[in-house]
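Q: Attaching a single structure in structure tokens format; questions to follow.
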Amino acid sequence: AVLILNSCRDKGRMVEPRYDRAHVMLQETNHNFGVLTDAQHVEKFYLTLINDGGEDLQITEVYNHCSCTHVEYPKDPIKAGHGVKLEVFLDVDDLGYGMFTRTIDIHTNSGTAALFLQGEKR
């Protein structure tokens, strides 16, 4: 019986849905770029967004509070229990020198998730 149940399970799922409706969860809510220099120009990293709800999750808008940040994200709905990789870019040339903090709001049909970025430019 165990073999049959496992073979019917959706192999693409990252998590079992914990909510009836769509629900947005970020694998990381804070990202520290560390010390950056002018030579780096653009830094990027990948952020995993997971739908740990029972219905499709749709990213409706990504609001960058600064022109120095940009996020590439899928336009298709994210199935229940599945996740996607978001590509987050930081334009180092647009930063002033010293410590920085930036916020990116990811708006979905289940609410908003915030990503906080920090670091230092020398």
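Each chain in the structure tokens gets a letter, A, B, ..., in the order shown, and its residues are numbered from 1; ligands are numbered from 1 in order too.
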Can you list every residue of range 19-76 of chain A that has an atom at most 6 Å from range 105-114 of chain A, with its nearest atom pair and the distance in Å to one decimal, using only C-alpha atoms, ordered by chain then number, as CSV?
A:
```
residue,atom,partner,partner_atom,distance
A:Ala22,CA,A:Ser110,CA,5.8
A:His23,CA,A:Ser110,CA,5.4
A:Gln58,CA,A:Thr108,CA,5.4
A:Ile59,CA,A:Thr108,CA,4.3
A:Thr60,CA,A:Thr108,CA,5.1
A:Glu61,CA,A:His107,CA,5.1
A:Val62,CA,A:Ile106,CA,4.6
A:Tyr63,CA,A:Asp105,CA,5.1
```
Q: Would you please extract all strand (DSSP E or B) residues from range 35-97 of chain A, as assigned by DSSP on the backbone, and give them as an MDAnalysis selection string?
A: chainID A and resid 35:36 42:51 53 57 59:64 69:72 78 83:91
Q: At a cut-off of 6 Å, using only C-alpha atoms, what residues contact Leu86 in chain A? Leave out same-chain residues fewer than 2 positions from it and give the result as an mmCIF file with N, CA, C and O atoms, in the first residue's frame.
A:
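Saved file result.cif follows:
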```
data_model
loop_
_atom_site.group_PDB
_atom_site.id
_atom_site.type_symbol
_atom_site.label_atom_id
_atom_site.label_comp_id
_atom_site.auth_asym_id
_atom_site.auth_seq_id
_atom_site.Cartn_x
_atom_site.Cartn_y
_atom_site.Cartn_z
ATOM 1 N N TYR A 46 19.089 34.138 -6.118
ATOM 2 C CA TYR A 46 17.807 33.488 -6.373
ATOM 3 C C TYR A 46 17.076 33.291 -5.055
ATOM 4 O O TYR A 46 17.661 32.862 -4.068
ATOM 5 N N LEU A 47 15.797 33.631 -5.082
ATOM 6 C CA LEU A 47 14.931 33.516 -3.924
ATOM 7 C C LEU A 47 13.829 32.523 -4.250
ATOM 8 O O LEU A 47 13.213 32.617 -5.317
ATOM 9 N N GLU A 72 12.842 39.409 -11.340
ATOM 10 C CA GLU A 72 12.213 38.675 -12.437
ATOM 11 C C GLU A 72 11.443 37.519 -11.830
ATOM 12 O O GLU A 72 11.996 36.769 -11.017
ATOM 13 N N TYR A 73 10.169 37.382 -12.229
ATOM 14 C CA TYR A 73 9.299 36.370 -11.636
ATOM 15 C C TYR A 73 8.380 35.786 -12.703
ATOM 16 O O TYR A 73 8.135 36.424 -13.732
#
```
Q: Quick one, how far is CA of Cys68 in chain A from CA of Gly98 in chain A?
A: 14.8 Å
Q: Please, what distance in Å, to one decimal, runs between CA of Asn64 in chain A and CA of Ile104 in chain A?
A: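 That distance, rounded to one decimal, is 4.9 Å.
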Q: Pick out the closest residue to Gly34 in chain A from this set: A:Met14, A:Leu117, A:Val84, A:Leu49. Count only C-alpha atoms.
A: A:Leu117
Q: Which residues, written as an NGL selection string, have at least one atom at most 6 Å from Asp93 in chain A, with only C-alpha atoms counted and residues fewer than 2 positions away on the same chain left out?
A: :A and (41 or 91 or 95)
Q: Taking only chain A into account, list the residues labelled alpha helix (DSSP H) by DSSP (computed from the backbone), as a list of chain:residue names.
A: A:Val2, A:Leu3, A:Ile4, A:Leu5, A:Asn6, A:Ser7, A:Cys8
Q: Let me see the file: selected residues, C-alpha atoms, as a JSON list (two decimals), in the first residue's frame.
A:
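So the final result, stored in out_31.json, reads:
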```json
[["chain", "number", "residue", "atom", "x", "y", "z"],
["A", 2, "VAL", "CA", 2.88, 2.39, 0.71],
["A", 3, "LEU", "CA", 4.27, 1.95, -2.81],
["A", 4, "ILE", "CA", 0.92, 2.78, -4.39],
["A", 5, "LEU", "CA", 0.43, 5.93, -2.31],
["A", 6, "ASN", "CA", 3.92, 7.22, -3.04],
["A", 7, "SER", "CA", 3.60, 6.61, -6.77],
["A", 8, "CYS", "CA", 0.39, 8.68, -6.93]]
```
Q: With only C-alpha atoms as the counted atoms, please give the residues lying no more than 12 Å from Val15 in chain A, apart from itself and same-chain residues fewer than 3 positions off, as a PDB file with N, CA, C and O atoms, in the first residue's frame.
A:
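Writing done, so here's around19.pdb:
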```pdb
ATOM      1  N   ARG A   9       1.604  10.301  -5.642  1.00  0.00           N
ATOM      2  CA  ARG A   9       1.912  11.631  -5.121  1.00  0.00           C
ATOM      3  C   ARG A   9       2.523  12.517  -6.200  1.00  0.00           C
ATOM      4  O   ARG A   9       3.261  12.063  -7.051  1.00  0.00           O
ATOM      5  N   ASP A  10       2.196  13.789  -6.154  1.00  0.00           N
ATOM      6  CA  ASP A  10       2.717  14.770  -7.108  1.00  0.00           C
ATOM      7  C   ASP A  10       4.204  14.963  -6.835  1.00  0.00           C
ATOM      8  O   ASP A  10       4.595  15.545  -5.844  1.00  0.00           O
ATOM      9  N   LYS A  11       5.068  14.472  -7.713  1.00  0.00           N
ATOM     10  CA  LYS A  11       6.520  14.496  -7.504  1.00  0.00           C
ATOM     11  C   LYS A  11       7.114  15.904  -7.558  1.00  0.00           C
ATOM     12  O   LYS A  11       8.198  16.122  -7.083  1.00  0.00           O
ATOM     13  N   GLY A  12       6.404  16.871  -8.158  1.00  0.00           N
ATOM     14  CA  GLY A  12       6.937  18.211  -8.281  1.00  0.00           C
ATOM     15  C   GLY A  12       6.737  19.077  -7.049  1.00  0.00           C
ATOM     16  O   GLY A  12       7.248  20.175  -6.973  1.00  0.00           O
ATOM     17  N   ARG A  18      -0.500  23.666   3.558  1.00  0.00           N
ATOM     18  CA  ARG A  18      -0.916  23.807   4.956  1.00  0.00           C
ATOM     19  C   ARG A  18      -2.183  24.631   5.089  1.00  0.00           C
ATOM     20  O   ARG A  18      -2.742  24.722   6.172  1.00  0.00           O
ATOM     21  N   TYR A  19      -2.621  25.276   4.021  1.00  0.00           N
ATOM     22  CA  TYR A  19      -3.786  26.149   4.045  1.00  0.00           C
ATOM     23  C   TYR A  19      -4.740  25.733   2.938  1.00  0.00           C
ATOM     24  O   TYR A  19      -4.324  25.175   1.935  1.00  0.00           O
ATOM     25  N   HIS A  23      -1.337  30.456  -0.473  1.00  0.00           N
ATOM     26  CA  HIS A  23      -0.597  31.106   0.613  1.00  0.00           C
ATOM     27  C   HIS A  23       0.861  31.269   0.198  1.00  0.00           C
ATOM     28  O   HIS A  23       1.514  30.300  -0.167  1.00  0.00           O
ATOM     29  N   MET A  25       4.828  31.955   0.774  1.00  0.00           N
ATOM     30  CA  MET A  25       5.880  31.779   1.772  1.00  0.00           C
ATOM     31  C   MET A  25       7.218  31.979   1.060  1.00  0.00           C
ATOM     32  O   MET A  25       7.466  31.390   0.010  1.00  0.00           O
ATOM     33  N   GLN A  27      11.265  31.480   1.199  1.00  0.00           N
ATOM     34  CA  GLN A  27      12.247  30.646   1.872  1.00  0.00           C
ATOM     35  C   GLN A  27      13.230  31.504   2.666  1.00  0.00           C
ATOM     36  O   GLN A  27      13.794  31.072   3.656  1.00  0.00           O
ATOM     37  N   LEU A  49      10.168  31.166  -3.743  1.00  0.00           N
ATOM     38  CA  LEU A  49       8.828  31.504  -3.280  1.00  0.00           C
ATOM     39  C   LEU A  49       8.010  30.233  -3.363  1.00  0.00           C
ATOM     40  O   LEU A  49       8.002  29.561  -4.393  1.00  0.00           O
ATOM     41  N   ILE A  50       7.337  29.883  -2.281  1.00  0.00           N
ATOM     42  CA  ILE A  50       6.582  28.626  -2.199  1.00  0.00           C
ATOM     43  C   ILE A  50       5.115  28.932  -1.959  1.00  0.00           C
ATOM     44  O   ILE A  50       4.774  29.791  -1.146  1.00  0.00           O
ATOM     45  N   ASN A  51       4.250  28.216  -2.651  1.00  0.00           N
ATOM     46  CA  ASN A  51       2.817  28.258  -2.394  1.00  0.00           C
ATOM     47  C   ASN A  51       2.494  27.095  -1.469  1.00  0.00           C
ATOM     48  O   ASN A  51       2.377  25.951  -1.911  1.00  0.00           O
ATOM     49  N   ASP A  52       2.387  27.366  -0.178  1.00  0.00           N
ATOM     50  CA  ASP A  52       2.071  26.286   0.766  1.00  0.00           C
ATOM     51  C   ASP A  52       0.574  26.254   1.072  1.00  0.00           C
ATOM     52  O   ASP A  52       0.138  25.776   2.106  1.00  0.00           O
ATOM     53  N   GLY A  53      -0.223  26.748   0.109  1.00  0.00           N
ATOM     54  CA  GLY A  53      -1.680  26.691   0.209  1.00  0.00           C
ATOM     55  C   GLY A  53      -2.248  25.662  -0.737  1.00  0.00           C
ATOM     56  O   GLY A  53      -1.519  25.006  -1.483  1.00  0.00           O
ATOM     57  N   GLY A  54      -3.572  25.521  -0.719  1.00  0.00           N
ATOM     58  CA  GLY A  54      -4.261  24.490  -1.488  1.00  0.00           C
ATOM     59  C   GLY A  54      -4.788  24.929  -2.836  1.00  0.00           C
ATOM     60  O   GLY A  54      -5.351  24.124  -3.567  1.00  0.00           O
ATOM     61  N   LYS A  79       1.282  26.364  -8.630  1.00  0.00           N
ATOM     62  CA  LYS A  79       0.387  25.313  -8.131  1.00  0.00           C
ATOM     63  C   LYS A  79       0.560  25.098  -6.630  1.00  0.00           C
ATOM     64  O   LYS A  79       1.613  25.373  -6.066  1.00  0.00           O
ATOM     65  N   ALA A  80      -0.461  24.539  -6.015  1.00  0.00           N
ATOM     66  CA  ALA A  80      -0.442  24.234  -4.585  1.00  0.00           C
ATOM     67  C   ALA A  80       0.734  23.327  -4.251  1.00  0.00           C
ATOM     68  O   ALA A  80       0.976  22.335  -4.933  1.00  0.00           O
ATOM     69  N   GLY A  81       1.496  23.707  -3.231  1.00  0.00           N
ATOM     70  CA  GLY A  81       2.632  22.905  -2.793  1.00  0.00           C
ATOM     71  C   GLY A  81       3.900  23.093  -3.605  1.00  0.00           C
ATOM     72  O   GLY A  81       4.924  22.524  -3.280  1.00  0.00           O
ATOM     73  N   HIS A  82       3.842  23.893  -4.647  1.00  0.00           N
ATOM     74  CA  HIS A  82       4.989  24.093  -5.532  1.00  0.00           C
ATOM     75  C   HIS A  82       5.689  25.422  -5.235  1.00  0.00           C
ATOM     76  O   HIS A  82       5.137  26.289  -4.577  1.00  0.00           O
ATOM     77  N   GLY A  83       6.888  25.553  -5.769  1.00  0.00           N
ATOM     78  CA  GLY A  83       7.653  26.780  -5.593  1.00  0.00           C
ATOM     79  C   GLY A  83       8.264  27.215  -6.901  1.00  0.00           C
ATOM     80  O   GLY A  83       8.290  26.460  -7.875  1.00  0.00           O
TER      81      GLY A  83
END
```
Q: Would you pick out the contacts of Met99 in chain A at 9 Å or less, using only C-alpha atoms, so that residues sharing its chain but fewer than 6 positions from it are not included, and give the list as a list in words?
A: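 Answer for this query is Val35, Gln118, Gly119, Glu120, Lys121 and Arg122 of chain A.
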Q: Give me a file of those residues, with N, CA and C atoms, as a compact mmCIF listing (two decimals), in the first residue's frame.
A:
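Below is the file that was written, selection00.txt:
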```txt
# COMPACT_ATOMS: atom_id res chain seq x y z
N VAL A 35 29.72 43.14 1.89
CA VAL A 35 30.41 44.34 1.42
C VAL A 35 30.51 44.30 -0.10
N GLN A 118 20.06 44.01 2.56
CA GLN A 118 20.99 44.88 3.27
C GLN A 118 22.41 44.60 2.83
N GLY A 119 23.29 45.48 3.21
CA GLY A 119 24.70 45.32 2.90
C GLY A 119 25.42 46.64 3.09
N GLU A 120 26.63 46.70 2.53
CA GLU A 120 27.43 47.91 2.62
C GLU A 120 28.19 48.08 1.31
N LYS A 121 28.19 49.32 0.80
CA LYS A 121 28.97 49.62 -0.39
C LYS A 121 30.18 50.44 0.04
N ARG A 122 31.36 49.97 -0.38
CA ARG A 122 32.62 50.69 -0.07
C ARG A 122 33.28 51.12 -1.34
```
